Amino acid sequence: RMRLFHSTTTTTTHSSSSSSSISSTDSSSLLPHLRVQEEVQQALSEKKPIVALESTIVAHGMPYPQNWELAQDVESILRKEGVTPATIAIQNGIPCVGLDPNELHDLALSGKEGRATKCSTRDLPLYMTQQQQQQQQLQDDQSITNSNITYWGATTVASTMRLAHLAGIVTFVTGGIGGVHRHGEVTMDVSADLMELSRTPVIVVSAGIKSILDIPRTLEVLETYSVPTMSWQTNDFPAFFSPTSGVKSPARVDTPQQVAHAFSISQQLLRLSTGMLVAIPNPDPANGRIVEDAIQQAVQEADTQNIHGNDVTPYILRRVAETTQGISLKSNMALVRHNAAIGAAIAKAIAQQ
Ligand code: PSU
Ligand code: MN
């Protein structure tokens, strides 16, 4: 017999063999399993501005220690603006909204130590089940001594949106979102980030979509999903490193108040289920150009070397890091900081409504 959920309401398994199944559960037994940090709870109750942050970018998106440096920088940029940061990640099977500095540091280390698992929305139920079971087993089994190892579920844009929404947070800052992959019309490799934007009312502040993806088709899917999509102070849709993708943006905004107003129309009047996508051009286009050229070169190399499917993205990212000698990482960090400053202004405009 094994308890699965360690709250007052416990769920037991029936099987006599080692395989187990969840017999029953109710929503009240699940609620304590969203851990909202006290600082974030306070900001929520006082209706102060809050910005959610994802953890895949920390655990998998950048090497240590730059990921740790950036995670701290982003939080301090937000705090200086009077905005409460809420980094979201799954800690030993429990979704956490807001991490303390030690937890943030451990998350940053977890990628290279093999303790982090990328979790998009569809992964959450089973990843959490497996991790919660493992934690319970460790607690039950006195002979296991190394139970202080922390395993992290690194949340993508999609799963971070969902958890932010559950906590009551509406503004979320990141670097880039996922989209339609090149040849996605054949492989159907389309990020769940787009699906989540269609059904979860959270404003995602990003630098658009990396040009390793198919930007025109990504915008087509966002249109089909009816996701309000806008560029920040530009008419072009940005392509992460490059301030323009050569594709005209569906809409343009120039102030945080416009974003807040549009969101309020989408929620209060139209009652849309969708989030909104705000795409901010790279503030350092000169370095962006260097990285963009390296991406185009790596895409061609991948083609001539017959690299396919899931191998393409890691190949391109590795080649770009090599050929730009660190400029891509620097540029990536700089634009996330820039997104944080604008995200803070949007969160404040939302809070002032
Ligand atoms: N794009 C980036 N950097 C990233 C990601 C995307 O430029 O780190 C991460 C984000 O967490 C995003 C996820 O939500 O990858 C998308 O993954 P997938 O395509 O498997 O949905
Ligand atoms: Mn995919």
# chains A, B, ... in the order shown; residues from 1 in each chain; ligands from 1
$ residues_near_ligand --ligand "ligand 2" --cutoff "6 Å" --atoms "only C-alpha atoms and all ligand atoms" --output "JSON, numbers by chain"
{"A": [189, 190, 191]}
$ residues_around --residues "Ser110 (chain A)" --least-positions-apart "3" --cutoff "8 Å" --atoms "only C-alpha atoms" --output "list in words"
Ala59, Asp106, Leu107, Glu113, Gly114, Arg115, Ala116, Tyr151 and Trp152 of chain A
$ select_by_dssp --residues "region 74-187 of chain A" --states "alpha helix (DSSP H)" --output "VMD selection string"
chain A and resid 74 to 80 101 to 110 124 to 140 157 to 167 184 to 187
$ write_last_selection --atoms "N, CA and C atoms" --output "short mmCIF file (atom, residue, chain, number, x, y, z; two decimals), in the first residue's frame"
data_model
loop_
_atom_site.label_atom_id
_atom_site.label_comp_id
_atom_site.auth_asym_id
_atom_site.auth_seq_id
_atom_site.Cartn_x
_atom_site.Cartn_y
_atom_site.Cartn_z
N VAL A 74 17.02 38.65 -14.03
CA VAL A 74 15.62 38.88 -14.41
C VAL A 74 14.78 39.17 -13.17
N GLU A 75 14.99 38.37 -12.11
CA GLU A 75 14.22 38.60 -10.89
C GLU A 75 14.53 39.98 -10.31
N SER A 76 15.80 40.40 -10.37
CA SER A 76 16.12 41.69 -9.75
C SER A 76 15.63 42.86 -10.62
N ILE A 77 15.62 42.69 -11.94
CA ILE A 77 15.03 43.72 -12.82
C ILE A 77 13.56 43.93 -12.45
N LEU A 78 12.86 42.84 -12.24
CA LEU A 78 11.43 42.92 -11.90
C LEU A 78 11.25 43.58 -10.53
N ARG A 79 12.03 43.14 -9.55
CA ARG A 79 11.90 43.70 -8.19
C ARG A 79 12.15 45.20 -8.16
N LYS A 80 13.16 45.65 -8.93
CA LYS A 80 13.47 47.09 -8.96
C LYS A 80 12.29 47.90 -9.47
N PRO A 101 16.09 31.89 -3.54
CA PRO A 101 17.39 31.88 -4.24
C PRO A 101 18.09 30.52 -4.25
N ASN A 102 17.99 29.76 -3.15
CA ASN A 102 18.62 28.43 -3.13
C ASN A 102 17.97 27.49 -4.13
N GLU A 103 16.65 27.57 -4.20
CA GLU A 103 15.93 26.71 -5.15
C GLU A 103 16.27 27.09 -6.58
N LEU A 104 16.34 28.40 -6.83
CA LEU A 104 16.68 28.89 -8.17
C LEU A 104 18.07 28.40 -8.58
N HIS A 105 18.99 28.43 -7.63
CA HIS A 105 20.35 27.98 -7.92
C HIS A 105 20.37 26.47 -8.20
N ASP A 106 19.62 25.72 -7.41
CA ASP A 106 19.58 24.27 -7.62
C ASP A 106 18.94 23.93 -8.97
N LEU A 107 17.92 24.69 -9.34
CA LEU A 107 17.29 24.51 -10.66
C LEU A 107 18.32 24.76 -11.77
N ALA A 108 19.11 25.82 -11.59
CA ALA A 108 20.12 26.17 -12.61
C ALA A 108 21.18 25.07 -12.74
N LEU A 109 21.50 24.41 -11.64
CA LEU A 109 22.48 23.31 -11.65
C LEU A 109 21.90 22.00 -12.18
N SER A 110 20.59 21.86 -12.10
CA SER A 110 19.96 20.55 -12.32
C SER A 110 20.10 20.04 -13.75
N LEU A 124 2.70 17.07 -17.52
CA LEU A 124 2.53 17.36 -16.09
C LEU A 124 1.86 16.23 -15.31
N PRO A 125 0.69 15.72 -15.74
CA PRO A 125 0.01 14.73 -14.88
C PRO A 125 0.87 13.51 -14.58
N LEU A 126 1.53 12.96 -15.60
CA LEU A 126 2.28 11.72 -15.37
C LEU A 126 3.64 11.97 -14.74
N TYR A 127 4.29 13.07 -15.11
CA TYR A 127 5.56 13.40 -14.46
C TYR A 127 5.34 13.62 -12.96
N MET A 128 4.29 14.37 -12.64
CA MET A 128 4.01 14.64 -11.22
C MET A 128 3.65 13.36 -10.47
N THR A 129 2.88 12.50 -11.09
CA THR A 129 2.50 11.22 -10.46
C THR A 129 3.74 10.40 -10.15
N GLN A 130 4.61 10.27 -11.14
CA GLN A 130 5.82 9.47 -10.98
C GLN A 130 6.72 10.07 -9.89
N GLN A 131 6.90 11.38 -9.91
CA GLN A 131 7.76 12.03 -8.92
C GLN A 131 7.17 11.95 -7.51
N GLN A 132 5.85 12.14 -7.40
CA GLN A 132 5.22 12.10 -6.08
C GLN A 132 5.29 10.69 -5.51
N GLN A 133 5.14 9.69 -6.39
CA GLN A 133 5.28 8.31 -5.94
C GLN A 133 6.70 8.04 -5.45
N GLN A 134 7.66 8.53 -6.20
CA GLN A 134 9.07 8.34 -5.84
C GLN A 134 9.37 8.99 -4.49
N GLN A 135 8.86 10.18 -4.26
CA GLN A 135 9.07 10.87 -3.00
C GLN A 135 8.46 10.07 -1.86
N GLN A 136 7.27 9.52 -2.11
CA GLN A 136 6.60 8.74 -1.08
C GLN A 136 7.38 7.49 -0.74
N GLN A 137 7.93 6.87 -1.78
CA GLN A 137 8.74 5.67 -1.56
C GLN A 137 9.98 5.99 -0.73
N LEU A 138 10.60 7.12 -1.03
CA LEU A 138 11.79 7.53 -0.29
C LEU A 138 11.45 7.76 1.18
N GLN A 139 10.28 8.38 1.41
CA GLN A 139 9.87 8.64 2.79
C GLN A 139 9.57 7.35 3.54
N ASP A 140 8.98 6.38 2.81
CA ASP A 140 8.60 5.11 3.43
C ASP A 140 9.80 4.21 3.68
N VAL A 157 6.96 27.13 -21.99
CA VAL A 157 5.99 28.23 -22.05
C VAL A 157 4.58 27.70 -21.80
N ALA A 158 4.24 26.58 -22.44
CA ALA A 158 2.89 26.04 -22.31
C ALA A 158 2.55 25.70 -20.86
N SER A 159 3.38 24.90 -20.21
CA SER A 159 3.05 24.46 -18.84
C SER A 159 3.20 25.60 -17.83
N THR A 160 4.12 26.53 -18.11
CA THR A 160 4.25 27.69 -17.21
C THR A 160 2.99 28.55 -17.28
N MET A 161 2.46 28.73 -18.49
CA MET A 161 1.20 29.49 -18.64
C MET A 161 0.09 28.87 -17.81
N ARG A 162 -0.03 27.55 -17.93
CA ARG A 162 -1.11 26.84 -17.23
C ARG A 162 -0.98 27.01 -15.71
N LEU A 163 0.23 26.84 -15.18
CA LEU A 163 0.42 26.94 -13.73
C LEU A 163 0.29 28.39 -13.27
N ALA A 164 0.76 29.34 -14.08
CA ALA A 164 0.60 30.75 -13.74
C ALA A 164 -0.88 31.08 -13.64
N HIS A 165 -1.64 30.61 -14.62
CA HIS A 165 -3.08 30.87 -14.64
C HIS A 165 -3.76 30.27 -13.40
N LEU A 166 -3.39 29.06 -13.02
CA LEU A 166 -3.97 28.43 -11.82
C LEU A 166 -3.70 29.28 -10.58
N ALA A 167 -2.53 29.90 -10.55
CA ALA A 167 -2.17 30.73 -9.40
C ALA A 167 -2.81 32.11 -9.47
N GLY A 184 7.23 21.42 -40.61
CA GLY A 184 6.15 21.05 -39.68
C GLY A 184 4.88 20.64 -40.40
N GLU A 185 4.70 21.13 -41.64
CA GLU A 185 3.50 20.75 -42.40
C GLU A 185 3.53 19.26 -42.75
N VAL A 186 4.72 18.63 -42.67
CA VAL A 186 4.84 17.19 -42.92
C VAL A 186 4.94 16.44 -41.60
N THR A 187 5.84 16.92 -40.70
CA THR A 187 6.11 16.18 -39.46
C THR A 187 5.05 16.44 -38.40
#
$ residues_near_ligand --ligand "ligand 1" --cutoff "6 Å" --atoms "only C-alpha atoms and all ligand atoms" --output "list in words"
Thr56, Ile57, Gly61, Thr156, Val157, Ala158, Gly175, Gly176, Ile177, Gly178, Ser191, Ala192, Asp193 and Lys210 of chain A
$ select_by_dssp --residues "region 111-216 of chain A" --states "strand (DSSP E or B)" --output "list in words"
Ala116, Thr117, Lys118, Cys119, Trp152, Gly153, Ala154, Thr155, Thr171, Phe172, Val173, Val180, His181, Val190, Ile203, Val204, Val205, Ser206, Gly208 and Leu213 of chain A
$ write_last_selection --atoms "C-alpha atoms" --output "tab-separated table (two decimals), in the first residue's frame"
chain	number	residue	atom	x	y	z
A	116	ALA	CA	15.85	18.15	-14.78
A	117	THR	CA	13.07	16.90	-17.04
A	118	LYS	CA	11.45	19.11	-19.65
A	119	CYS	CA	7.72	19.19	-18.95
A	152	TRP	CA	13.13	19.39	-11.20
A	153	GLY	CA	10.41	19.41	-13.81
A	154	ALA	CA	11.41	22.29	-16.07
A	155	THR	CA	8.29	23.97	-17.36
A	171	THR	CA	1.78	38.28	-17.14
A	172	PHE	CA	4.61	35.95	-18.12
A	173	VAL	CA	8.06	36.88	-19.47
A	180	VAL	CA	5.87	25.33	-36.04
A	181	HIS	CA	9.15	23.59	-36.89
A	190	VAL	CA	4.17	22.07	-33.66
A	203	ILE	CA	0.01	37.41	-21.65
A	204	VAL	CA	3.28	35.96	-22.96
A	205	VAL	CA	6.03	38.56	-23.39
A	206	SER	CA	8.79	37.21	-25.64
A	208	GLY	CA	9.09	36.17	-30.88
A	213	LEU	CA	11.39	27.55	-36.77
$ closest_residue --among "A:Ser45, A:Thr255, A:Ser266, A:Ser242" --to "Ile295 (chain A)" --atoms "only C-alpha atoms"
A:Ser242
$ closest_residue --among "A:Thr218, A:Gln37, A:Thr313, A:Ser198" --to "Gly179 (chain A)" --atoms "only C-alpha atoms"
A:Thr218
